[in-house]
$ cat model.csv   # CSV, C-alpha atoms
chain,number,residue,atom,x,y,z
A,1,MET,CA,3.6,36.0,-11.6
A,2,PRO,CA,5.3,33.6,-14.0
A,3,LEU,CA,4.2,33.5,-17.6
A,4,THR,CA,3.2,29.8,-17.4
A,5,THR,CA,0.5,30.8,-14.8
A,6,TRP,CA,-1.3,32.8,-17.5
A,7,THR,CA,-1.0,30.3,-20.3
A,8,SER,CA,-1.4,27.0,-18.5
A,9,TRP,CA,-4.7,25.2,-18.3
A,10,PRO,CA,-6.2,24.1,-15.0
A,11,LEU,CA,-5.3,20.6,-14.0
A,12,ARG,CA,-7.3,18.0,-15.7
A,13,GLU,CA,-8.0,16.3,-12.4
A,14,SER,CA,-9.8,19.5,-11.3
A,15,LEU,CA,-11.8,19.8,-14.5
A,16,ALA,CA,-12.8,16.1,-14.7
A,17,ARG,CA,-14.0,15.8,-11.1
A,18,ASP,CA,-13.4,12.1,-11.2
A,19,ASP,CA,-13.2,12.0,-7.4
A,20,LEU,CA,-16.8,12.9,-6.9
A,21,THR,CA,-19.1,10.2,-5.5
A,22,ASP,CA,-22.2,9.1,-7.3
A,23,VAL,CA,-24.3,10.8,-4.6
A,24,ARG,CA,-22.6,14.2,-5.2
A,25,ARG,CA,-22.9,13.8,-9.0
A,26,TRP,CA,-26.7,13.2,-8.7
A,27,ILE,CA,-27.1,16.1,-6.3
A,28,GLY,CA,-25.3,18.4,-8.7
A,29,ARG,CA,-27.4,17.2,-11.6
A,30,ILE,CA,-30.7,17.7,-9.7
A,31,VAL,CA,-29.6,21.2,-8.6
A,32,ARG,CA,-28.8,22.1,-12.2
A,33,ILE,CA,-32.1,20.7,-13.5
A,34,VAL,CA,-34.1,22.7,-10.8
A,35,LEU,CA,-32.2,25.9,-11.7
A,36,VAL,CA,-32.9,25.4,-15.5
A,37,ALA,CA,-36.5,24.7,-14.8
A,38,ALA,CA,-36.8,27.8,-12.6
A,39,LEU,CA,-35.2,29.9,-15.3
A,40,VAL,CA,-37.5,28.5,-18.0
A,41,TRP,CA,-40.5,29.1,-15.8
A,42,ALA,CA,-39.4,32.7,-14.9
A,43,THR,CA,-38.9,33.4,-18.6
A,44,LEU,CA,-42.1,31.9,-20.0
A,45,ALA,CA,-44.2,33.5,-17.2
A,46,ARG,CA,-43.9,36.9,-18.9
A,47,SER,CA,-47.3,38.0,-20.1
A,48,ASP,CA,-46.0,39.7,-23.2
A,49,PHE,CA,-44.7,36.4,-24.7
A,50,HIS,CA,-46.9,34.8,-27.3
A,51,VAL,CA,-46.8,31.1,-27.9
A,52,ARG,CA,-44.2,31.2,-30.6
A,53,GLY,CA,-42.0,33.4,-28.6
A,54,MET,CA,-42.3,31.0,-25.6
A,55,ALA,CA,-41.2,28.1,-27.8
A,56,VAL,CA,-38.2,30.1,-29.1
A,57,ALA,CA,-37.2,31.2,-25.6
A,58,ALA,CA,-37.4,27.7,-24.3
A,59,ALA,CA,-35.4,26.3,-27.2
A,60,GLY,CA,-32.8,29.1,-26.6
A,61,ILE,CA,-32.4,28.1,-23.0
A,62,VAL,CA,-32.1,24.4,-23.9
A,63,LEU,CA,-29.4,25.3,-26.5
A,64,SER,CA,-27.6,27.4,-23.9
A,65,VAL,CA,-27.5,24.4,-21.5
A,66,LEU,CA,-26.2,22.1,-24.3
A,67,ALA,CA,-23.6,24.8,-25.2
A,68,PHE,CA,-22.4,24.9,-21.6
A,69,HIS,CA,-22.1,21.1,-21.7
A,70,GLY,CA,-20.1,21.2,-24.9
A,71,PHE,CA,-17.9,24.0,-23.5
A,72,ASN,CA,-17.0,21.8,-20.5
A,73,ARG,CA,-16.1,18.9,-22.7
A,74,LEU,CA,-13.9,21.0,-25.0
A,75,THR,CA,-12.1,22.6,-22.1
A,76,LEU,CA,-11.6,19.1,-20.6
A,77,ARG,CA,-9.8,18.2,-23.9
A,78,ARG,CA,-7.9,21.5,-23.7
A,79,ARG,CA,-9.0,22.7,-27.1
A,80,LEU,CA,-8.6,26.4,-26.7
A,81,TRP,CA,-10.0,27.9,-30.0
A,82,PRO,CA,-13.2,25.8,-30.2
A,83,SER,CA,-13.8,26.6,-26.5
A,84,LEU,CA,-13.4,30.3,-27.2
A,85,GLY,CA,-15.7,30.1,-30.2
A,86,LEU,CA,-18.4,28.4,-28.3
A,87,LEU,CA,-18.1,30.8,-25.4
A,88,LEU,CA,-18.3,33.8,-27.8
A,89,ALA,CA,-21.4,32.2,-29.4
A,90,MET,CA,-23.1,32.0,-25.9
A,91,GLU,CA,-22.3,35.6,-25.1
A,92,VAL,CA,-23.7,36.7,-28.4
A,93,GLY,CA,-26.7,34.5,-27.8
A,94,ALA,CA,-27.3,36.5,-24.6
A,95,PHE,CA,-27.8,39.6,-26.7
A,96,ALA,CA,-30.4,37.7,-28.7
A,97,PHE,CA,-32.3,36.9,-25.5
A,98,LEU,CA,-32.1,40.6,-24.6
A,99,ALA,CA,-33.4,41.7,-28.0
A,100,ALA,CA,-36.3,39.2,-27.7
A,101,GLY,CA,-37.2,40.8,-24.3
A,102,ALA,CA,-35.9,37.9,-22.2
A,103,SER,CA,-33.5,39.9,-20.0
A,104,LEU,CA,-33.3,37.3,-17.2
A,105,PRO,CA,-31.8,34.5,-19.4
A,106,ALA,CA,-29.5,37.1,-20.9
A,107,LEU,CA,-28.2,38.2,-17.5
A,108,VAL,CA,-27.9,34.6,-16.3
A,109,LEU,CA,-26.0,33.6,-19.5
A,110,TRP,CA,-23.5,36.4,-19.2
A,111,CYS,CA,-22.9,35.6,-15.5
A,112,GLY,CA,-22.5,31.9,-16.3
A,113,CYS,CA,-20.1,32.6,-19.1
A,114,ALA,CA,-18.0,34.9,-16.9
A,115,ILE,CA,-17.7,32.4,-14.0
A,116,THR,CA,-17.2,29.3,-16.2
A,117,ALA,CA,-14.5,31.0,-18.3
A,118,MET,CA,-12.6,32.0,-15.2
A,119,GLU,CA,-13.0,28.5,-13.9
A,120,ARG,CA,-12.0,26.4,-16.9
A,121,LEU,CA,-9.8,28.4,-19.3
A,122,PRO,CA,-6.2,29.4,-19.2
A,123,LEU,CA,-5.9,32.6,-17.0
A,124,ALA,CA,-5.0,34.9,-19.9
A,125,ALA,CA,-8.0,33.9,-22.0
A,126,ALA,CA,-10.3,33.6,-18.9
A,127,VAL,CA,-9.7,37.2,-17.8
A,128,VAL,CA,-10.6,38.6,-21.3
A,129,CYS,CA,-13.7,36.4,-21.7
A,130,SER,CA,-14.9,37.0,-18.2
A,131,ALA,CA,-14.3,40.8,-18.5
A,132,ALA,CA,-16.3,40.8,-21.8
A,133,ALA,CA,-19.2,38.9,-20.3
A,134,LEU,CA,-19.3,41.0,-17.1
A,135,GLY,CA,-19.0,44.2,-19.1
A,136,ALA,CA,-22.1,43.2,-21.1
A,137,TYR,CA,-23.9,42.4,-17.9
A,138,ALA,CA,-23.0,45.7,-16.3
A,139,ALA,CA,-24.0,47.6,-19.4
A,140,VAL,CA,-27.5,46.3,-19.6
A,141,ASN,CA,-28.2,46.0,-15.9
A,142,HIS,CA,-30.7,48.6,-14.7
A,143,ASP,CA,-29.8,48.6,-11.0
A,144,SER,CA,-27.9,51.4,-9.4
A,145,TRP,CA,-24.2,51.8,-10.3
A,146,LEU,CA,-23.2,50.7,-6.8
A,147,THR,CA,-25.2,47.5,-6.9
A,148,THR,CA,-24.0,46.8,-10.4
A,149,THR,CA,-20.4,47.4,-9.5
A,150,THR,CA,-20.6,45.3,-6.4
A,151,THR,CA,-22.4,42.5,-8.2
A,152,THR,CA,-19.9,42.5,-11.1
A,153,ALA,CA,-16.9,42.5,-8.7
A,154,GLY,CA,-18.5,39.7,-6.7
A,155,LEU,CA,-19.1,37.6,-9.8
A,156,ALA,CA,-15.5,38.0,-10.9
A,157,LEU,CA,-14.2,37.2,-7.4
A,158,ALA,CA,-16.5,34.1,-7.2
A,159,GLY,CA,-15.1,32.8,-10.5
A,160,TYR,CA,-11.5,33.2,-9.4
A,161,VAL,CA,-12.3,31.6,-6.0
A,162,LEU,CA,-13.9,28.6,-7.8
A,163,ARG,CA,-10.8,28.4,-10.0
A,164,LEU,CA,-8.5,28.3,-6.9
A,165,ASP,CA,-10.8,25.7,-5.3
A,166,LEU,CA,-10.7,23.5,-8.3
A,167,GLU,CA,-6.9,23.9,-8.6
A,168,ALA,CA,-6.5,22.9,-4.9
A,169,ARG,CA,-8.8,19.9,-5.5
A,170,GLY,CA,-6.9,18.9,-8.6
A,171,ASN,CA,-3.6,19.1,-6.7
A,172,ALA,CA,-4.9,17.0,-3.9
A,173,HIS,CA,-6.2,14.4,-6.4
A,174,ARG,CA,-2.9,14.3,-8.2
A,175,LEU,CA,-1.0,14.0,-4.9
A,176,LEU,CA,-3.4,11.2,-3.9
A,177,ALA,CA,-2.7,9.4,-7.2
A,178,GLN,CA,1.0,9.8,-6.7
A,179,GLU,CA,0.8,8.4,-3.2
A,180,ARG,CA,-1.2,5.4,-4.4
A,181,ALA,CA,1.4,4.8,-7.1
A,182,ALA,CA,4.2,5.1,-4.5
A,183,ARG,CA,2.4,2.7,-2.2
A,184,LYS,CA,2.0,0.3,-5.2
A,185,ALA,CA,5.7,0.6,-6.0
A,186,GLU,CA,6.6,0.0,-2.3
A,187,ALA,CA,4.4,-3.1,-2.3
A,188,GLU,CA,6.0,-4.4,-5.4
A,189,THR,CA,9.5,-3.7,-3.9
A,190,ALA,CA,8.5,-5.5,-0.7
A,191,ALA,CA,7.3,-8.4,-2.8
A,192,LEU,CA,10.6,-8.6,-4.7
A,193,ALA,CA,12.5,-8.3,-1.4
A,194,GLU,CA,10.4,-11.2,0.0
A,195,ARG,CA,11.1,-13.3,-3.1
A,196,GLY,CA,14.8,-12.5,-2.7
A,197,ARG,CA,14.7,-13.6,1.0
A,198,ILE,CA,12.9,-16.8,0.1
A,199,ALA,CA,15.5,-17.4,-2.6
A,200,ARG,CA,18.3,-16.9,-0.1
A,201,GLU,CA,16.6,-19.3,2.3
A,202,ILE,CA,16.3,-22.0,-0.3
A,203,HIS,CA,19.9,-21.5,-1.3
A,204,ASP,CA,21.3,-21.4,2.2
A,205,VAL,CA,19.3,-24.5,3.3
A,206,LEU,CA,19.5,-26.7,0.3
A,207,ALA,CA,22.7,-25.8,-1.6
A,208,HIS,CA,25.0,-27.3,1.0
A,209,SER,CA,22.9,-30.3,1.7
A,210,LEU,CA,22.2,-31.2,-2.0
A,211,SER,CA,25.8,-30.6,-3.1
A,212,ALA,CA,27.1,-32.9,-0.3
A,213,GLN,CA,24.6,-35.6,-1.3
A,214,LEU,CA,25.8,-35.4,-4.9
A,215,VAL,CA,29.3,-35.9,-3.7
A,216,HIS,CA,28.4,-39.0,-1.7
A,217,LEU,CA,26.2,-40.4,-4.4
A,218,GLU,CA,28.8,-39.9,-7.1
A,219,ALA,CA,31.4,-41.5,-4.8
A,220,ALA,CA,29.1,-44.5,-4.3
A,221,ARG,CA,28.4,-44.7,-8.0
A,222,LEU,CA,32.2,-44.8,-8.8
A,223,LEU,CA,32.8,-47.5,-6.2
A,224,ILE,CA,30.1,-49.7,-7.6
A,225,HIS,CA,31.2,-49.0,-11.2
A,226,ARG,CA,34.9,-49.7,-10.6
A,227,SER,CA,34.6,-52.4,-8.0
A,228,THR,CA,35.6,-55.9,-8.9
A,229,ASP,CA,34.4,-57.2,-5.6
A,230,LEU,CA,31.3,-55.5,-4.3
A,231,GLU,CA,31.2,-57.5,-1.1
A,232,ALA,CA,34.7,-56.2,-0.2
A,233,ASP,CA,33.7,-52.6,-1.0
A,234,ARG,CA,30.3,-53.0,0.8
A,235,GLU,CA,31.4,-51.0,3.9
A,236,GLN,CA,32.6,-48.0,1.9
A,237,ILE,CA,29.5,-48.0,-0.3
A,238,LEU,CA,27.3,-48.3,2.8
A,239,GLU,CA,29.2,-45.5,4.5
A,240,ARG,CA,28.6,-43.2,1.6
A,241,VAL,CA,24.9,-44.0,1.5
A,242,VAL,CA,24.5,-43.4,5.3
A,243,ALA,CA,26.3,-40.1,5.0
A,244,CYS,CA,24.0,-39.1,2.1
A,245,ARG,CA,21.0,-40.1,4.2
A,246,GLY,CA,22.3,-37.9,7.0
A,247,MET,CA,22.7,-34.9,4.7
A,248,ALA,CA,19.2,-35.4,3.3
A,249,ARG,CA,17.8,-35.5,6.9
A,250,GLU,CA,19.7,-32.3,7.7
A,251,GLY,CA,18.4,-30.6,4.5
A,252,LEU,CA,14.9,-31.6,5.4
A,253,ASP,CA,15.2,-30.2,8.9
A,254,GLY,CA,16.7,-27.0,7.5
A,255,THR,CA,13.9,-26.7,5.0
A,256,ARG,CA,11.3,-27.1,7.7
A,257,GLU,CA,13.0,-24.4,9.8
A,258,ALA,CA,13.1,-22.1,6.8
A,259,LEU,CA,9.4,-22.6,6.1
A,260,SER,CA,8.7,-21.9,9.8
A,261,ALA,CA,10.8,-18.7,9.6
A,262,LEU,CA,9.0,-17.5,6.5
A,263,ARG,CA,5.6,-18.1,8.3
A,264,GLY,CA,6.9,-16.3,11.4
A,265,GLU,CA,6.8,-19.4,13.5
A,266,MET,CA,10.4,-19.4,14.7
A,267,VAL,CA,11.3,-20.4,18.2
A,268,PRO,CA,13.2,-17.7,20.2
A,269,VAL,CA,16.9,-17.3,19.1
A,270,GLU,CA,18.3,-18.3,22.5
A,271,ASP,CA,16.3,-21.5,22.7
A,272,PHE,CA,17.3,-22.4,19.1
A,273,LEU,CA,21.0,-21.8,20.0
A,274,ARG,CA,20.8,-23.8,23.2
A,275,ASP,CA,19.4,-26.8,21.3
A,276,LEU,CA,21.9,-26.4,18.5
A,277,THR,CA,25.0,-26.1,20.7
A,278,ALA,CA,23.8,-28.9,22.9
A,279,ALA,CA,23.4,-31.2,19.9
A,280,GLU,CA,27.0,-30.3,18.7
A,281,GLY,CA,28.5,-30.5,22.2
A,282,ALA,CA,29.3,-26.8,22.3
A,283,GLN,CA,29.0,-24.2,25.1
A,284,LEU,CA,26.7,-21.2,24.8
A,285,ALA,CA,27.0,-18.0,26.7
A,286,VAL,CA,24.5,-15.0,26.6
A,287,ALA,CA,25.4,-11.5,27.5
A,288,GLY,CA,23.6,-8.2,27.5
A,289,GLU,CA,19.9,-7.2,28.1
A,290,ARG,CA,17.8,-9.8,26.4
A,291,ARG,CA,15.1,-8.7,23.9
A,292,THR,CA,13.2,-10.0,20.9
A,293,LEU,CA,15.1,-9.7,17.7
A,294,SER,CA,13.6,-8.8,14.3
A,295,PRO,CA,12.8,-11.8,12.1
A,296,GLU,CA,15.6,-10.9,9.7
A,297,ALA,CA,18.2,-10.5,12.4
A,298,GLY,CA,17.1,-13.7,14.2
A,299,LEU,CA,17.3,-15.7,11.0
A,300,ALA,CA,20.8,-14.4,10.3
A,301,VAL,CA,21.9,-15.5,13.7
A,302,ARG,CA,20.4,-18.9,13.3
A,303,ARG,CA,22.0,-19.5,9.8
A,304,VAL,CA,25.5,-18.3,10.8
A,305,ALA,CA,25.4,-20.5,13.9
A,306,GLN,CA,24.4,-23.5,11.8
A,307,GLU,CA,27.1,-22.8,9.2
A,308,ALA,CA,29.8,-22.2,11.8
A,309,LEU,CA,29.1,-25.4,13.7
A,310,THR,CA,28.8,-27.4,10.5
A,311,ASN,CA,32.3,-26.1,9.4
A,312,VAL,CA,33.7,-27.2,12.8
A,313,ARG,CA,32.3,-30.6,12.4
A,314,LYS,CA,33.7,-30.9,8.8
A,315,HIS,CA,37.1,-29.3,9.2
A,316,ALA,CA,38.0,-29.6,12.9
A,317,PRO,CA,36.3,-32.7,14.4
A,318,GLY,CA,36.8,-33.0,18.1
A,319,ALA,CA,37.5,-29.3,18.6
A,320,ARG,CA,36.2,-27.5,21.7
A,321,VAL,CA,33.5,-25.0,20.6
A,322,THR,CA,32.2,-21.9,22.4
A,323,ALA,CA,29.4,-19.6,21.2
A,324,LEU,CA,28.6,-16.2,22.6
A,325,LEU,CA,25.4,-14.3,21.9
A,326,GLU,CA,25.7,-10.7,23.0
A,327,TYR,CA,23.0,-8.0,23.0
A,328,GLU,CA,24.3,-4.5,22.4
A,329,GLU,CA,22.3,-1.3,22.4
A,330,SER,CA,21.5,-1.3,18.6
A,331,SER,CA,22.9,-4.6,17.4
A,332,VAL,CA,23.4,-8.2,18.3
A,333,ILE,CA,26.6,-10.2,18.1
A,334,LEU,CA,27.2,-13.9,17.6
A,335,GLU,CA,30.7,-15.2,18.0
A,336,VAL,CA,31.6,-18.9,17.5
A,337,ARG,CA,35.1,-20.0,18.4
A,338,ASN,CA,36.7,-23.4,18.1
A,339,SER,CA,40.1,-24.8,19.1
A,340,ARG,CA,42.1,-26.9,16.7
A,341,GLY,CA,40.6,-30.2,16.1
A,342,ARG,CA,42.0,-33.4,17.6
A,343,GLY,CA,41.1,-35.6,14.6
A,344,LYS,CA,41.5,-35.5,10.8
A,345,PRO,CA,38.9,-33.6,8.8
A,346,GLY,CA,36.1,-35.9,7.9
A,347,GLU,CA,34.8,-36.8,4.5
A,348,LEU,CA,32.4,-33.9,4.5
A,349,ALA,CA,35.3,-31.4,4.5
A,350,SER,CA,35.6,-31.8,0.8
A,351,SER,CA,31.9,-31.6,0.1
A,352,GLY,CA,29.6,-28.6,-0.3
A,353,SER,CA,29.6,-25.7,-2.6
A,354,GLY,CA,32.2,-23.7,-0.7
A,355,TYR,CA,29.9,-20.6,-0.5
A,356,GLY,CA,28.5,-21.1,3.0
A,357,LEU,CA,30.4,-18.2,4.8
A,358,LEU,CA,30.2,-16.1,1.6
A,359,GLY,CA,26.4,-16.4,1.6
A,360,MET,CA,26.3,-15.6,5.3
A,361,ARG,CA,28.4,-12.5,4.7
A,362,GLU,CA,26.1,-11.4,1.9
A,363,ARG,CA,23.1,-11.9,4.2
A,364,ALA,CA,24.7,-9.8,7.0
A,365,GLU,CA,25.6,-7.0,4.5
A,366,LEU,CA,22.0,-6.9,3.2
A,367,LEU,CA,20.9,-6.2,6.8
A,368,GLY,CA,23.6,-3.5,7.3
A,369,GLY,CA,25.8,-5.8,9.4
A,370,THR,CA,29.2,-7.5,9.1
A,371,LEU,CA,30.5,-11.1,9.2
A,372,GLU,CA,34.2,-11.7,9.9
A,373,SER,CA,35.8,-15.1,9.9
A,374,GLY,CA,39.4,-16.4,10.0
A,375,PRO,CA,42.0,-18.2,12.0
A,376,VAL,CA,43.2,-17.0,15.4
A,377,LYS,CA,45.9,-18.2,17.7
A,378,GLU,CA,43.9,-20.9,19.3
A,379,GLY,CA,41.8,-22.0,16.4
A,380,PHE,CA,39.1,-20.4,14.2
A,381,VAL,CA,36.5,-17.7,14.9
A,382,VAL,CA,33.3,-16.5,13.1
A,383,ARG,CA,31.8,-13.2,14.3
A,384,LEU,CA,28.5,-11.8,13.1
A,385,GLN,CA,27.1,-8.4,14.0
A,386,VAL,CA,23.8,-7.2,12.7
A,387,PRO,CA,21.4,-4.3,13.7
A,388,ALA,CA,18.7,-5.4,16.0
$ encode --input "model.csv" --output "structure tokens"
Amino acid sequence: MPLTTWTSWPLRESLARDDLTDVRRWIGRIVRIVLVAALVWATLARSDFHVRGMAVAAAGIVLSVLAFHGFNRLTLRRRLWPSLGLLLAMEVGAFAFLAAGASLPALVLWCGCAITAMERLPLAAAVVCSAAALGAYAAVNHDSWLTTTTTTAGLALAGYVLRLDLEARGNAHRLLAQERAARKAEAETAALAERGRIAREIHDVLAHSLSAQLVHLEAARLLIHRSTDLEADREQILERVVACRGMAREGLDGTREALSALRGEMVPVEDFLRDLTAAEGAQLAVAGERRTLSPEAGLAVRRVAQEALTNVRKHAPGARVTALLEYEESSVILEVRNSRGRGKPGELASSGSGYGLLGMRERAELLGGTLESGPVKEGFVVRLQVPA
């Protein structure tokens, strides 16, 4: 047995008994009151006690109860020497009861000291104190030696069993507190992760739209500022304003989609892709066994599809676009391919923050997936793969 087992105090959780309900607390108090009352009655019922002796005996019992209460509080604070001093005073007080002719309170006090010491003190001190109390009990007990030995051994075993029971209860209470702390930490982590997801949604939806609007508004401002003939530049200014309005409408639609996604009100991925590709004039193919995707995976597919088709519109107008949604055993793949555009890049090609695909790649990596993009022989390809 390691040395710390002999010198360490019982767990505070086992001594405090904070996990007891109010009903169990009151039951324990009522039981103790009844036992003390029975002990007082049994002591004072002796015919050889005069009135003054009865008063002294009753006061001694009350003081013993208060001493036990103080001993419990001292051991709860882990104050060893004051606890030992108070316990020694109670054991000596038992001899005073015995000398006064009150043998029953003396025996009860010795037994209580033995069990309480084994229950609440460090094991090294508990063994010594319990042995002293039980030795005094055995020395003054007038029963047969077999009965006295059996009773003494039973009391020692009862004290040790109570100690083990309290240790087990304290360990369970401590584990429960640790589990609650872990759950609280998990809840805080989940809240932070949700905030991060909301922040990414806001960035992905609004960053491109707002930056493009700023470009168009700045261009319109410069045209108005530098123009010497506003009527001649009216068409260019109007074109900028219309483009800005279109970007604002796209940003508003994207924000509504993001809010629906955060509330869990998203339409199925396939329906979303069909509507998106139909609006962009692209072709959609679906392969593999269809199944419901997790909200995170479905949102990643939606955002990558939107970003890829937006890039085609900006950098390769008129290109032929095909999209493939493929369900694999443990993941889902979205691949968007486009041929080389037949027209010149539009004005939106120079707008935006330039972080669209980078943000999508970060989103995929956070989910444990990958995002690859780059030119191929026939045009450009964006390929997303995320666990699902």
$ residues_around --input "model.csv" --residues "Trp110 in chain A" --least-positions-apart "5" --cutoff "10 Å" --atoms "all atoms listed in the file" --output "list in words"
Leu87, Met90, Glu91, Val92, Gly93, Ala94, Phe95, Pro105, Ile115, Thr116, Ser130, Ala132, Ala133, Leu134, Gly135, Ala136, Tyr137 and Ala138 of chain A
$ closest_atom_pairs --input "model.csv" --of "range 263-332 of chain A" --to "range 372-381 of chain A" --cutoff "10 Å" --atoms "all atoms listed in the file" --output "JSON lines"
{"residue": "A:Ala308", "atom": "CA", "partner": "A:Val381", "partner_atom": "CA", "distance": 8.6}
{"residue": "A:Val312", "atom": "CA", "partner": "A:Phe380", "partner_atom": "CA", "distance": 8.8}
{"residue": "A:Ala316", "atom": "CA", "partner": "A:Gly379", "partner_atom": "CA", "distance": 9.2}
{"residue": "A:Ala319", "atom": "CA", "partner": "A:Gly379", "partner_atom": "CA", "distance": 8.8}
{"residue": "A:Arg320", "atom": "CA", "partner": "A:Gly379", "partner_atom": "CA", "distance": 9.5}
{"residue": "A:Val321", "atom": "CA", "partner": "A:Phe380", "partner_atom": "CA", "distance": 9.7}
{"residue": "A:Thr322", "atom": "CA", "partner": "A:Val381", "partner_atom": "CA", "distance": 9.6}
{"residue": "A:Ala323", "atom": "CA", "partner": "A:Val381", "partner_atom": "CA", "distance": 9.7}
$ closest_residue --input "model.csv" --among "A:His216, A:Ala285, A:Arg337, A:Val304" --to "Leu238 in chain A" --atoms "only C-alpha atoms"
A:His216
$ atom_distance --input "model.csv" --atom1 "CA of Glu280 in chain A" --atom2 "CA of Leu309 in chain A"
7.3 Å
$ closest_residue --input "model.csv" --among "A:Leu86, A:Val34, A:Ala99, A:Leu15" --to "Glu119 in chain A" --atoms "all atoms listed in the file"
A:Leu15
$ residues_around --input "model.csv" --residues "Leu325 in chain A" --least-positions-apart "3" --cutoff "7 Å" --atoms "all atoms listed in the file" --output "NGL selection string"
:A and (285-287 or 333-335)
$ closest_residue --input "model.csv" --among "A:Gly298, A:Gly288, A:Gly246, A:Gly85" --to "Asp271 in chain A" --atoms "all atoms listed in the file"
A:Gly298
$ atom_distance --input "model.csv" --atom1 "CA of Ala388 in chain A" --atom2 "CA of Val269 in chain A"
12.4 Å
$ residues_around --input "model.csv" --residues "range 79-83 of chain A" --least-positions-apart "4" --cutoff "10 Å" --atoms "all atoms listed in the file" --output "list of chain:residue names"
A:Trp9, A:Gly70, A:Phe71, A:Asn72, A:Arg73, A:Leu74, A:Thr75, A:Leu87, A:Leu88, A:Ala89, A:Ala117, A:Arg120, A:Leu121, A:Pro122, A:Ala125
$ atom_distance --input "model.csv" --atom1 "CA of Ala278 in chain A" --atom2 "CA of Ser331 in chain A"
24.9 Å
$ closest_residue --input "model.csv" --among "A:Leu366, A:Met247, A:Leu63, A:Leu107" --to "Thr148 in chain A" --atoms "only C-alpha atoms"
A:Leu107
$ closest_residue --input "model.csv" --among "A:Arg169, A:Ala59, A:Asn338, A:Cys111" --to "Ala153 in chain A" --atoms "all atoms listed in the file"
A:Cys111
